[in-house]
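**Q** Questions regarding the structure given below will be posed in turn.
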Amino acid sequence: GPAVVWFRDDLRIADNPALYAASRSGAPVLCVYVWDDESPGLRPPGGAGRWWLHHSLADLAASLERLGGALTVLRGPSEKVIGDLLRETNASAIFWNRRYGGAERRIDAGVKTSAREAGVEASSFGASLLFEPWTIRTGHGTAFSVYTPFWRACLSAPPPRNPGPAPRSLDGAPTPRSARAVSLDDLGLLPTHPDWAGGLRETWAPGEAAAHKQLTRFVDGDLASYTEDRDVPGVDATSRLSPRLRWGELSPHQVWHAARERRDRHADPATARSATTFLGELGWREFAYHTLFEHPDIATVNIHRQYDSFPWARLHPSVLEAWQQGRTGIPLVDAGMRELWTTGVMHNRVRMVAASFLIKNLLIDWRRGEQWFWDTLVDADPANNPFNWQWVAGSGADAAPYFRVFNPELQREKFDPHGDYVRRWVPEWDTEEYPEPVVDLKESRRAALAAYDVVKASR
Ligand code: FAD
């Protein structure tokens with residue numbers, strides 16, 4: 001029977017250990033993707049994520065066909081769907097790259113056990129993180145809860161392996177006649193009525209080849225001034241690789257080695273420093289995933305449980321809507337929220353400010369903001385998004401202390417001094433049309449600190 005490759009967050013053919021192992025197994029290769037919005041605990045992608053996923057799967061399918069294979073799309077609860085597939089095709093083996101969320105790990109462990117009981121070889125590989133969570137531990141054998149010592153421990157661990165090649169060709173197995181098989185279009189991942197994805201189409205070209213072009217362009221270009229410009233939203237100074245990493249069009253190993261090579265290739269001191277800063281950001285991604293591994297319910301439960309008693313305000317829903325739609329009357333926040341709606345991403349500095357404004361000035365539960373980002377970001381993933389929301393809220397790992405409340409106006413003056421960014425997204429800023437702030441910044445800051453006293457008192 002065939003060797004099955006189960007694609008998940010690794011929509012690429014290069015540096016894909018599961019695909020590579022299958023191509024070397026001697027058996028015909030059957031590549032599958034399972035759309036699962038049924039298994040409890042799994043979090044199906046939001047609207048923007050579904051848009052990206054559709055196009056990235058189409059690109060992957062085309063690449064696999066060029067190699068002699070095909071992508072079979074199945075729909076249903078993954079443990080059952082994969083189990084049935086292994087039986088129906090009389091598969092000899094199944095290969096996948098690991099996931100780190102709680103429900104994902106439970107499902108994968110279940111599939112592995114039942115495959116092996118049925119005599120099917122089941123192998124999983126590390127491909128989506130530079131360091132496996134169980135290998136990075138404190139001296140006491142526990143997980144790190146602070147970034148700096150975490151990243152130091154990573155850097156003194158065995159270095160990330162070199163990226164591997166794509167298979168030269170695949171001996172594709174015949175497409176199974178499973179009742180669960182559907183076409184990609186059948187999944188209905190794209191918006192239709194209304195089609196709100198125009199901004200996404202203008203901004204992005206999902207797929208592995210485009211991801212590699214973007215990586216090369218960044219490493220040979222903007223990386224040189226990354227340290228200096230990365231906090232300035234009006235300058236396109238960051239890599240914009242987050243959706244590529246989210247969907248696995250690129251592996252972190254490919255990104256890591258490209259940046260390392262640039263640093264080692266006669267880099268001037270500023271470029272070398274920038275490369276180190278950039279690698280440290282990949283470190284935050286690692287830290288978020290390792291934190292997810294430790295706290296599988298990171299999207300719903302405060303890591304620091306004393307925040308459970310936080311007295312969130314009960315505001316009129318129109319306030320949340322004003323934030324979502326970029327009509328708060330705070331220019332940097334509104335610019336960010338509109339960038340998000342149009343392009344599916346938001347500059348990191350502005351994500352911090354917009355999140356802080358929701359949590360601390362509007363006193364709206366961080367989970368509401370996290371949910372909105374989940375639905376609108378093309379890079380939303382089960383680790384980075386809740387991790388960063390909890391970080392801003394103060395309830396998370398190595399979080400900013402709660403009482404550090406960003407002033408969004410000062411942030412704008414500091415990071416967008418000429419208003420380039422704000423004017424790009426809020427052209428009516430400085431006109432009569434632009435709304436008054438939905439809250440008074442000073443008063444709401446005081447209210448936030450008073451609310452925080454409740455948390456402190458409950459310790
Ligand atoms: P670069 O500056 O070029 O960084 C390179 C890579 O490092 C990124 O692509 C990303 O993979 C990683 N990275 C950078 N900063 C962080 C960080 N703070 N935490 C984790 N990884 C990081 N990032 C996501 O990928 N998905 C999310 O859902 C997400 N949600 C966020 C929510 C909030 C409230 C905040 C404050 C940040 C969030 N981030 C998220 C982190 C960060 O904003 C984005 O990774 C970054 O803006 C992506 O742009 P870039 O690829 O140009 O980043």
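Naming works like this for the structure tokens: A, B, ... for the chains as they're shown, residue 1 at the start of each chain, ligands 1 onward in shown order.
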At a cut-off of 6 Å around ligand 1, and using only C-alpha atoms and all ligand atoms, what residues come up? Please write them as a PyMOL selection string.
**A** chain A and resi 238-242+245+281-282+284-285+288+347-348+351-352+355+379-381+384-385+388-389
**Q** Take the residues from that selection and write them out as a compact mmCIF listing (two decimals), in the first residue's frame, keeping N, CA and C atoms.
**A**
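To be explicit, this is the file written out as result18.txt:
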```txt
# COMPACT_ATOMS: atom_id res chain seq x y z
N THR A 238 10.18 45.33 7.73
CA THR A 238 10.20 43.98 8.28
C THR A 238 10.00 42.96 7.16
N SER A 239 10.13 41.71 7.50
CA SER A 239 10.17 40.67 6.46
C SER A 239 8.81 40.35 5.87
N ARG A 240 7.75 40.58 6.62
CA ARG A 240 6.39 40.16 6.23
C ARG A 240 6.33 38.67 5.91
N LEU A 241 7.13 37.92 6.61
CA LEU A 241 7.15 36.47 6.38
C LEU A 241 6.17 35.72 7.27
N SER A 242 5.47 36.44 8.17
CA SER A 242 4.65 35.72 9.16
C SER A 242 3.63 34.77 8.55
N LEU A 245 5.40 31.59 7.40
CA LEU A 245 5.74 30.69 8.49
C LEU A 245 4.48 30.05 9.07
N GLU A 281 13.70 37.57 16.78
CA GLU A 281 12.24 37.59 16.55
C GLU A 281 11.75 36.19 16.23
N LEU A 282 12.55 35.45 15.46
CA LEU A 282 12.19 34.04 15.27
C LEU A 282 12.17 33.34 16.62
N TRP A 284 11.10 34.70 19.37
CA TRP A 284 9.79 34.95 20.00
C TRP A 284 8.75 33.98 19.46
N ARG A 285 8.86 33.66 18.19
CA ARG A 285 7.94 32.67 17.62
C ARG A 285 8.14 31.31 18.32
N ALA A 288 6.65 31.49 21.80
CA ALA A 288 5.18 31.41 21.80
C ALA A 288 4.73 29.95 21.62
N HIS A 347 1.29 46.00 11.28
CA HIS A 347 2.66 46.16 11.76
C HIS A 347 2.75 45.81 13.26
N ASN A 348 3.85 45.18 13.66
CA ASN A 348 3.94 44.69 15.05
C ASN A 348 3.80 45.80 16.08
N ARG A 351 0.21 46.54 16.27
CA ARG A 351 -0.54 45.47 16.95
C ARG A 351 -0.49 45.68 18.46
N MET A 352 0.71 46.03 18.96
CA MET A 352 0.84 46.22 20.41
C MET A 352 -0.01 47.39 20.88
N ALA A 355 -3.84 46.57 20.55
CA ALA A 355 -4.25 45.60 21.56
C ALA A 355 -4.29 46.25 22.93
N ASP A 379 -1.90 35.71 9.21
CA ASP A 379 -0.85 34.97 9.94
C ASP A 379 -1.33 34.44 11.29
N ALA A 380 -2.64 34.55 11.58
CA ALA A 380 -3.13 34.12 12.90
C ALA A 380 -2.81 32.65 13.12
N ASP A 381 -2.16 32.34 14.19
CA ASP A 381 -1.89 30.94 14.49
C ASP A 381 -2.16 30.67 15.96
N ASN A 384 1.13 32.20 18.35
CA ASN A 384 1.54 33.60 18.36
C ASN A 384 0.41 34.56 18.72
N ASN A 385 -0.78 34.27 18.23
CA ASN A 385 -1.85 35.25 18.45
C ASN A 385 -2.25 35.30 19.93
N ASN A 388 0.69 36.61 22.19
CA ASN A 388 0.94 38.06 22.16
C ASN A 388 -0.18 38.84 22.82
N TRP A 389 -1.43 38.37 22.67
CA TRP A 389 -2.52 39.06 23.36
C TRP A 389 -2.35 38.96 24.87
```
**Q** Restrict the calculation to only C-alpha atoms, then for each residue of stretch 219-273 of chain A with any atom at most 12 Å from an atom of stretch 331-341 of chain A give the closest atom pair and their distance in Å to one decimal, rows by chain and rising residue number, as a Markdown table.
**A**
```
| residue | atom | partner | partner_atom | distance |
| --- | --- | --- | --- | --- |
| A:Val232 | CA | A:Leu332 | CA | 11.9 |
| A:Pro233 | CA | A:Gly336 | CA | 9.2 |
| A:Gly234 | CA | A:Ala335 | CA | 10.8 |
```
**Q** Neighbouring residues of A:Ala27 were defined as those with any atom within 8 Å, considering only C-alpha atoms; residues of the same chain fewer than 5 positions away were excluded. Please report them as an NGL selection string.
**A** :A and (1-3 or 22 or 92 or 171)
**Q** Do you have the atom CA of A:Asp420-atom CA of A:Ala322 distance handy?
**A** 22.4 Å
**Q** Please provide the set of residues having any atom within 12 Å of A:Phe218, restricted to only C-alpha atoms, with same-chain residues fewer than 3 positions apart removed, written as JSON, numbers by chain.
**A** {"A": [211, 212, 213, 214, 215, 221, 222, 223, 224, 225, 226, 236, 237, 238, 239, 240, 241, 255, 258, 259, 262, 274, 275, 278]}
**Q** Save the residues we just selected, C-alpha atoms, as a short mmCIF file (atom, residue, chain, number, x, y, z; two decimals), in the first residue's frame?
**A**
```cif
data_model
loop_
_atom_site.label_atom_id
_atom_site.label_comp_id
_atom_site.auth_asym_id
_atom_site.auth_seq_id
_atom_site.Cartn_x
_atom_site.Cartn_y
_atom_site.Cartn_z
CA ALA A 211 7.52 32.84 -0.28
CA HIS A 212 11.08 32.06 -1.39
CA LYS A 213 11.23 35.19 -3.53
CA GLN A 214 10.09 37.23 -0.57
CA LEU A 215 12.71 35.66 1.72
CA GLY A 221 17.63 44.06 1.09
CA ASP A 222 15.77 45.34 4.14
CA LEU A 223 17.44 42.99 6.59
CA ALA A 224 20.43 45.37 6.60
CA SER A 225 18.45 48.09 8.38
CA TYR A 226 16.06 45.86 10.33
CA ASP A 236 8.27 48.54 5.01
CA ALA A 237 11.26 47.36 6.96
CA THR A 238 10.20 43.98 8.28
CA SER A 239 10.17 40.67 6.46
CA ARG A 240 6.39 40.16 6.23
CA LEU A 241 7.15 36.47 6.38
CA VAL A 255 14.52 31.54 7.24
CA ALA A 258 19.16 32.52 5.11
CA ALA A 259 19.57 35.19 7.80
CA ARG A 262 23.68 36.88 5.28
CA SER A 274 20.18 43.45 12.33
CA ALA A 275 20.47 39.77 11.47
CA PHE A 278 15.83 39.33 13.34
#
```
**Q** For atom CA of A:Ser169 and atom CA of A:Ala122, determine how far apart the two atoms are, in Å to one decimal place.
**A**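 Calculated distance between atom CA of A:Ser169 and atom CA of A:Ala122 is 22.0 Å.
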**Q** Using only C-alpha atoms, determine which residues lie at most 10 Å from A:Asp59, disregarding the query and same-chain residues fewer than 6 positions distant; provide the list as a count of residues only.
**A** 9
**Q** Would you mind reading off the distance between atom CA of A:Lys442 and atom CA of A:Ile359, one decimal, in Å?
**A** 14.6 Å
**Q** Do you know which residues are at most 8 Å from stretch 109-117 of chain A counting only C-alpha atoms, after dropping those on the same chain fewer than 2 positions away, and could you put them as a list in words?
**A**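 Near neighbours after the sequence-gap exclusion: Glu79, Ile82, Gly83, Leu86, Arg105, Arg106, Ile107, Gly119, Val120, Glu121, Ala122 and Ser123 of chain A.
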**Q** What parts of stretch 20-194 of chain A does DSSP call helix (DSSP H, G or I)? I'd like the answer as number ranges by chain.
**A** A: 20-23, 47-67, 78-89, 102-117, 133-135, 147-155, 185-187
**Q** I'd like the neighbourhood of A:Ser128 as a list of chain:residue names, where a residue qualifies if any of its atoms comes within 8 Å (using only C-alpha atoms), though same-chain residues fewer than 3 positions away should be ignored.
**A**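 Those residues are A:Asp9, A:Asp10, A:Asn97, A:Arg98, A:Arg99, A:Gly248, A:Ser251, A:Pro252.
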**Q** Based on DSSP run over this structure's backbone, return all residues of stretch 62-226 of chain A in strand (DSSP E), as a PyMOL selection string.
**A** chain A and resi 71-75+93-97+121-125+181-182
**Q** Taking only C-alpha atoms into account, which of A:Leu189, A:Leu60, A:Tyr307, A:Arg327 comes nearest A:Glu433?
**A**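 Ranked by minimum distance to A:Glu433, first place goes to A:Arg327.
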**Q** Out of A:Ala18, A:Ala48, A:Leu320, A:Met346, which residue has the shortest atom-to-atom distance to A:Asp375 when counting only C-alpha atoms?
**A**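 When distances to A:Asp375 are compared using only C-alpha atoms, the smallest one comes from A:Ala48.
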